[in-house]
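Q: Let me begin by handing over the structure; questions about it come next.
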Amino acid sequence: MTEVRTGGRLDVDACGMGLGDLPLMLLDGADLPADLRGFETLADRDLDNEAMASTGLSGRNASGLADLGRLGGVAREFAAPRGAATLAEEPAEILQAATVVHLFRGPLDVEHWIDQVFIKEMRERVGQDEPEGGRLTGAELVEARGFHEHAAGLMLLHQMQGVDIASTIIDFQLGCLLGVAYVVAKRDVVLRELATDLAQRLERRMVSVVLG
């Protein structure tokens with residue numbers, strides 16, 4: 001059960017959402033910004049705490065995620081049409097994008113996740129090998145503006161197969177919901193405008209589902 005600390009209708013309604021509502025909030029291919037049009041759906045993922053723990057991204061097991069107030073989440077990933085057999089030969093600059101929605105027990109849990117798990121802990125992992133492969137070589141703060149509540153951004157730079165892979169990520173809060181949008185590029189670049197556009201489109205979809 002979620003708990004609410006704000007009296008705003010949108011926040012109250014957002015905290016009334018269930019896990020079954022989350023897939024309705026994800027963007028479809030037709031909803032993507034122009035720079036991502038033509039991208040194909042790569043995967044739809046049910047990110048319960050067991051699945052989230054298996055990614056290794058948070059550095060916690062399922063019980064640890066539950067202790068942070070996380071109840072579950074979903075993700076939809078998109079990819080550019082494959083243009084080469086290897087990452088080094090791939091001609092596309094923008095490789096992937098995704099929208100993700102998590103549900104937490106309360107708004108304070110969402111704020112804690114953004115500030116401590118996403119921003120603080122990810123920046124502390126620079127120089128370490130990542131669970132999905134490669135090494136995290138940089139983490140740069142990215143301005144996140146124009147959102148309903150708390151929001152923050154990072155550009156994470158990885159070395160994978162001898163190639164720089166830059167992920168521009170925006171996290172934002174909507175009551176007990178955490179929305180995440182990210183764009184992955186094959187060079188050291190911050191795609192703030194594109195990631196923000198994607199995140200704001202996700203936020204509008206989430207609001208439409210919450211308000212019915």
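The chains in the structure tokens are called A, B, ... from first to last as shown; in each chain the residues are counted from 1, and the ligands are counted from 1 in the order shown.
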Env of Leu42 in chain A: 12 Å cut, atoms = only C-alpha atoms, seq-sep filter 5 positions within chain, self excluded. Answer as a ChimeraX atom specification.
A: /A:28-29,75-82,95-99
Q: Given only C-alpha atoms, how would the per-residue table for range 126-181 of chain A near range 189-209 of chain A read, listing every residue at most 10 Å away with its closest atom pair and distance in Å to one decimal, sorted by chain and number, as a Markdown table?
A:
```
| residue | atom | partner | partner_atom | distance |
| --- | --- | --- | --- | --- |
| A:Glu140 | CA | A:Val190 | CA | 8.7 |
| A:Leu141 | CA | A:Val190 | CA | 9.8 |
| A:Val142 | CA | A:Arg192 | CA | 6.8 |
| A:Glu143 | CA | A:Arg192 | CA | 7.6 |
| A:Ala144 | CA | A:Thr196 | CA | 7.0 |
| A:Arg145 | CA | A:Thr196 | CA | 8.0 |
| A:Gly146 | CA | A:Gln200 | CA | 7.9 |
| A:Phe147 | CA | A:Gln200 | CA | 7.1 |
| A:His148 | CA | A:Glu203 | CA | 8.3 |
| A:Gly153 | CA | A:Arg192 | CA | 8.4 |
| A:Leu154 | CA | A:Val190 | CA | 8.8 |
| A:Met155 | CA | A:Val190 | CA | 6.2 |
| A:Leu156 | CA | A:Val190 | CA | 9.0 |
| A:Leu157 | CA | A:Val189 | CA | 8.7 |
| A:Asp164 | CA | A:Val189 | CA | 9.4 |
| A:Ile165 | CA | A:Val189 | CA | 8.8 |
| A:Ala166 | CA | A:Val189 | CA | 6.3 |
| A:Ser167 | CA | A:Val190 | CA | 7.8 |
| A:Thr168 | CA | A:Leu191 | CA | 5.9 |
| A:Ile169 | CA | A:Ala195 | CA | 6.6 |
| A:Ile170 | CA | A:Ala199 | CA | 6.5 |
| A:Asp171 | CA | A:Ala199 | CA | 7.9 |
| A:Phe172 | CA | A:Ala199 | CA | 8.0 |
| A:Gln173 | CA | A:Glu203 | CA | 8.9 |
| A:Leu174 | CA | A:Glu203 | CA | 7.9 |
| A:Leu177 | CA | A:Met206 | CA | 8.8 |
| A:Leu178 | CA | A:Glu203 | CA | 9.6 |
| A:Gly179 | CA | A:Glu203 | CA | 7.0 |
| A:Val180 | CA | A:Ala199 | CA | 6.7 |
| A:Ala181 | CA | A:Ala199 | CA | 5.0 |
```
Q: So that I can see what lies close to range 123-139 of chain A, please list as a compact mmCIF listing (two decimals) with N, CA, C and O atoms, in the first residue's frame the residues with an atom at most 9 Å from it, counting only C-alpha atoms and leaving out residues fewer than 4 positions away in the same chain.
A:
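File produced: around_28.txt:
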```txt
# COMPACT_ATOMS: atom_id res chain seq x y z
N THR A 55 19.50 -7.17 -12.54
CA THR A 55 20.24 -6.29 -13.44
C THR A 55 21.53 -5.80 -12.80
O THR A 55 22.46 -5.40 -13.49
N GLY A 56 21.57 -5.79 -11.46
CA GLY A 56 22.74 -5.32 -10.75
C GLY A 56 22.89 -3.81 -10.72
O GLY A 56 23.84 -3.28 -10.14
N LEU A 57 21.95 -3.08 -11.32
CA LEU A 57 22.11 -1.63 -11.46
C LEU A 57 22.03 -0.89 -10.13
O LEU A 57 22.66 0.15 -9.95
N PHE A 118 20.12 6.98 -7.47
CA PHE A 118 20.42 7.38 -8.84
C PHE A 118 21.62 8.32 -8.89
O PHE A 118 22.63 8.02 -9.55
N ILE A 119 21.57 9.45 -8.22
CA ILE A 119 22.63 10.45 -8.34
C ILE A 119 23.87 10.09 -7.52
O ILE A 119 24.97 9.92 -8.07
N LEU A 154 21.57 12.53 -15.25
CA LEU A 154 22.96 12.14 -15.33
C LEU A 154 23.30 11.72 -16.74
O LEU A 154 22.45 11.17 -17.46
N MET A 155 24.55 11.97 -17.14
CA MET A 155 25.11 11.31 -18.32
C MET A 155 26.15 10.33 -17.81
O MET A 155 27.12 10.73 -17.15
N LEU A 156 25.95 9.05 -18.08
CA LEU A 156 26.88 8.01 -17.66
C LEU A 156 27.68 7.57 -18.88
O LEU A 156 27.10 7.20 -19.91
N LEU A 157 29.00 7.60 -18.76
CA LEU A 157 29.88 7.21 -19.85
C LEU A 157 30.50 5.86 -19.55
O LEU A 157 31.11 5.67 -18.50
N HIS A 158 30.30 4.92 -20.47
CA HIS A 158 30.86 3.58 -20.35
C HIS A 158 31.86 3.31 -21.48
O HIS A 158 31.71 3.84 -22.58
N GLN A 159 32.82 2.47 -21.18
CA GLN A 159 33.69 1.90 -22.21
C GLN A 159 33.24 0.47 -22.43
O GLN A 159 33.29 -0.35 -21.52
N MET A 160 32.78 0.16 -23.65
CA MET A 160 32.32 -1.18 -23.99
C MET A 160 32.90 -1.56 -25.34
O MET A 160 32.71 -0.84 -26.32
N GLN A 161 33.60 -2.68 -25.37
CA GLN A 161 34.20 -3.17 -26.62
C GLN A 161 35.06 -2.09 -27.28
O GLN A 161 35.11 -1.95 -28.50
N GLY A 162 35.74 -1.29 -26.45
CA GLY A 162 36.60 -0.26 -26.98
C GLY A 162 35.87 0.96 -27.51
O GLY A 162 36.47 1.82 -28.16
```
Q: Extract the full set of strand (DSSP E) residues from range 38-108 of chain A according to DSSP on the backbone, and format it as a short mmCIF file (atom, residue, chain, number, x, y, z; two decimals) with N, CA and C atoms, in the first residue's frame.
A:
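Writing done, so here's out-v5.cif:
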```cif
data_model
loop_
_atom_site.label_atom_id
_atom_site.label_comp_id
_atom_site.auth_asym_id
_atom_site.auth_seq_id
_atom_site.Cartn_x
_atom_site.Cartn_y
_atom_site.Cartn_z
N GLU A 40 12.83 0.61 -33.30
CA GLU A 40 11.99 -0.57 -33.13
C GLU A 40 11.93 -0.97 -31.65
N THR A 41 10.79 -1.52 -31.24
CA THR A 41 10.67 -1.99 -29.86
C THR A 41 11.61 -3.16 -29.66
N LEU A 42 12.53 -3.00 -28.72
CA LEU A 42 13.51 -4.03 -28.43
C LEU A 42 13.00 -5.02 -27.39
N ALA A 43 12.33 -4.49 -26.35
CA ALA A 43 11.83 -5.37 -25.29
C ALA A 43 10.85 -4.63 -24.41
N ASP A 44 9.87 -5.36 -23.88
CA ASP A 44 9.01 -4.91 -22.79
C ASP A 44 9.39 -5.74 -21.57
N ARG A 45 9.69 -5.06 -20.46
CA ARG A 45 10.19 -5.78 -19.29
C ARG A 45 9.31 -5.51 -18.06
N ASP A 46 9.00 -6.59 -17.35
CA ASP A 46 8.34 -6.50 -16.05
C ASP A 46 9.44 -6.49 -15.01
N ARG A 70 10.42 0.28 -2.85
CA ARG A 70 10.09 -0.02 -4.25
C ARG A 70 9.15 -1.22 -4.32
N LEU A 71 8.03 -1.04 -5.04
CA LEU A 71 7.03 -2.10 -5.17
C LEU A 71 7.14 -2.85 -6.49
N GLY A 72 7.63 -2.20 -7.54
CA GLY A 72 7.76 -2.85 -8.84
C GLY A 72 7.89 -1.82 -9.93
N GLY A 73 7.99 -2.30 -11.17
CA GLY A 73 8.13 -1.38 -12.29
C GLY A 73 8.04 -2.09 -13.62
N VAL A 74 8.04 -1.30 -14.68
CA VAL A 74 7.99 -1.82 -16.05
C VAL A 74 8.90 -0.96 -16.92
N ALA A 75 9.34 -1.51 -18.04
CA ALA A 75 10.20 -0.78 -18.96
C ALA A 75 9.87 -1.17 -20.39
N ARG A 76 10.02 -0.22 -21.30
CA ARG A 76 9.94 -0.50 -22.74
C ARG A 76 11.18 0.10 -23.39
N GLU A 77 11.93 -0.77 -24.06
CA GLU A 77 13.19 -0.36 -24.67
C GLU A 77 13.04 -0.33 -26.20
N PHE A 78 13.69 0.65 -26.80
CA PHE A 78 13.68 0.83 -28.24
C PHE A 78 15.12 0.83 -28.76
N ALA A 79 15.31 0.39 -30.00
CA ALA A 79 16.65 0.37 -30.59
C ALA A 79 16.59 0.83 -32.03
N ILE A 94 22.80 7.37 -32.29
CA ILE A 94 21.89 7.06 -31.20
C ILE A 94 21.49 5.60 -31.33
N LEU A 95 21.80 4.81 -30.33
CA LEU A 95 21.62 3.36 -30.41
C LEU A 95 20.32 2.89 -29.79
N GLN A 96 19.99 3.40 -28.61
CA GLN A 96 18.83 2.91 -27.86
C GLN A 96 18.15 4.05 -27.12
N ALA A 97 16.91 3.79 -26.72
CA ALA A 97 16.16 4.70 -25.85
C ALA A 97 15.18 3.84 -25.06
N ALA A 98 14.68 4.38 -23.97
CA ALA A 98 13.72 3.62 -23.17
C ALA A 98 12.92 4.54 -22.28
N THR A 99 11.73 4.07 -21.93
CA THR A 99 10.94 4.70 -20.87
C THR A 99 10.64 3.64 -19.82
N VAL A 100 10.71 4.07 -18.56
CA VAL A 100 10.57 3.16 -17.42
C VAL A 100 9.68 3.83 -16.39
N VAL A 101 8.82 3.05 -15.73
CA VAL A 101 8.00 3.57 -14.64
C VAL A 101 8.11 2.62 -13.45
N HIS A 102 8.45 3.17 -12.28
CA HIS A 102 8.52 2.42 -11.03
C HIS A 102 7.43 2.93 -10.09
N LEU A 103 6.94 2.04 -9.24
CA LEU A 103 5.99 2.41 -8.20
C LEU A 103 6.64 2.20 -6.84
N PHE A 104 6.53 3.23 -5.98
CA PHE A 104 7.08 3.17 -4.63
C PHE A 104 5.97 3.29 -3.60
#
```
Q: Under the rule that only C-alpha atoms are counted, which of A:Ala92, A:Asp35, A:Glu50, A:Gly175 is the nearest residue to Glu111 in chain A?
A: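 Comparing A:Ala92, A:Asp35, A:Glu50, A:Gly175 against Glu111 in chain A, the winner is A:Gly175.
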Q: Any idea what the distance is between CA of Glu93 in chain A and CA of Tyr182 in chain A?
A: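 Here the two named atoms are 14.4 Å from each other.
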Q: I need the helix (DSSP H, G or I) residues of range 85-148 of chain A per DSSP on the backbone, written as a tab-separated table (two decimals) with N, CA, C and O atoms, in the first residue's frame.
A:
```tsv
chain	number	residue	atom	x	y	z
A	107	PRO	N	5.95	8.99	-1.51
A	107	PRO	CA	6.71	10.02	-2.22
A	107	PRO	C	8.13	10.20	-1.70
A	107	PRO	O	9.05	10.45	-2.49
A	108	LEU	N	8.33	10.09	-0.39
A	108	LEU	CA	9.68	10.25	0.16
A	108	LEU	C	10.62	9.15	-0.34
A	108	LEU	O	11.83	9.38	-0.48
A	109	ASP	N	10.06	7.97	-0.61
A	109	ASP	CA	10.88	6.89	-1.15
A	109	ASP	C	11.37	7.23	-2.56
A	109	ASP	O	12.50	6.90	-2.93
A	110	VAL	N	10.52	7.88	-3.34
A	110	VAL	CA	10.91	8.29	-4.69
A	110	VAL	C	12.03	9.33	-4.62
A	110	VAL	O	13.03	9.25	-5.34
A	111	GLU	N	11.86	10.32	-3.75
A	111	GLU	CA	12.88	11.36	-3.61
A	111	GLU	C	14.22	10.76	-3.17
A	111	GLU	O	15.28	11.15	-3.68
A	112	HIS	N	14.16	9.83	-2.23
A	112	HIS	CA	15.38	9.18	-1.76
A	112	HIS	C	16.06	8.43	-2.90
A	112	HIS	O	17.29	8.48	-3.05
A	113	TRP	N	15.28	7.74	-3.71
A	113	TRP	CA	15.86	6.97	-4.83
A	113	TRP	C	16.57	7.91	-5.80
A	113	TRP	O	17.70	7.65	-6.22
A	114	ILE	N	15.91	9.01	-6.16
A	114	ILE	CA	16.52	9.94	-7.12
A	114	ILE	C	17.82	10.51	-6.57
A	114	ILE	O	18.85	10.52	-7.27
A	115	ASP	N	17.81	10.98	-5.33
A	115	ASP	CA	18.96	11.67	-4.78
A	115	ASP	C	20.09	10.73	-4.35
A	115	ASP	O	21.27	11.05	-4.56
A	116	GLN	N	19.73	9.60	-3.75
A	116	GLN	CA	20.74	8.73	-3.17
A	116	GLN	C	21.14	7.56	-4.06
A	116	GLN	O	22.33	7.28	-4.23
A	117	VAL	N	20.16	6.87	-4.63
A	117	VAL	CA	20.47	5.69	-5.44
A	117	VAL	C	20.90	6.10	-6.84
A	117	VAL	O	21.93	5.63	-7.36
A	118	PHE	N	20.12	6.98	-7.47
A	118	PHE	CA	20.42	7.38	-8.84
A	118	PHE	C	21.62	8.32	-8.89
A	118	PHE	O	22.63	8.02	-9.55
A	119	ILE	N	21.57	9.45	-8.22
A	119	ILE	CA	22.63	10.45	-8.34
A	119	ILE	C	23.87	10.09	-7.52
A	119	ILE	O	24.97	9.92	-8.07
A	120	LYS	N	23.72	9.95	-6.23
A	120	LYS	CA	24.89	9.76	-5.36
A	120	LYS	C	25.61	8.45	-5.63
A	120	LYS	O	26.83	8.42	-5.86
A	121	GLU	N	24.87	7.34	-5.61
A	121	GLU	CA	25.53	6.04	-5.74
A	121	GLU	C	26.08	5.81	-7.14
A	121	GLU	O	27.16	5.20	-7.29
A	122	MET	N	25.38	6.28	-8.17
A	122	MET	CA	25.91	6.09	-9.52
A	122	MET	C	27.21	6.87	-9.71
A	122	MET	O	28.16	6.37	-10.33
A	123	ARG	N	27.30	8.07	-9.16
A	123	ARG	CA	28.54	8.85	-9.30
A	123	ARG	C	29.68	8.19	-8.53
A	123	ARG	O	30.85	8.29	-8.93
A	124	GLU	N	29.36	7.51	-7.45
A	124	GLU	CA	30.39	6.83	-6.66
A	124	GLU	C	30.92	5.59	-7.37
A	124	GLU	O	32.00	5.08	-7.00
```
Q: Work out how far apart CA of Gly212 in chain A and CA of Leu27 in chain A are and give it in Å to one decimal.
A: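 So the two atoms, CA of Gly212 in chain A and CA of Leu27 in chain A, lie 16.2 Å apart.
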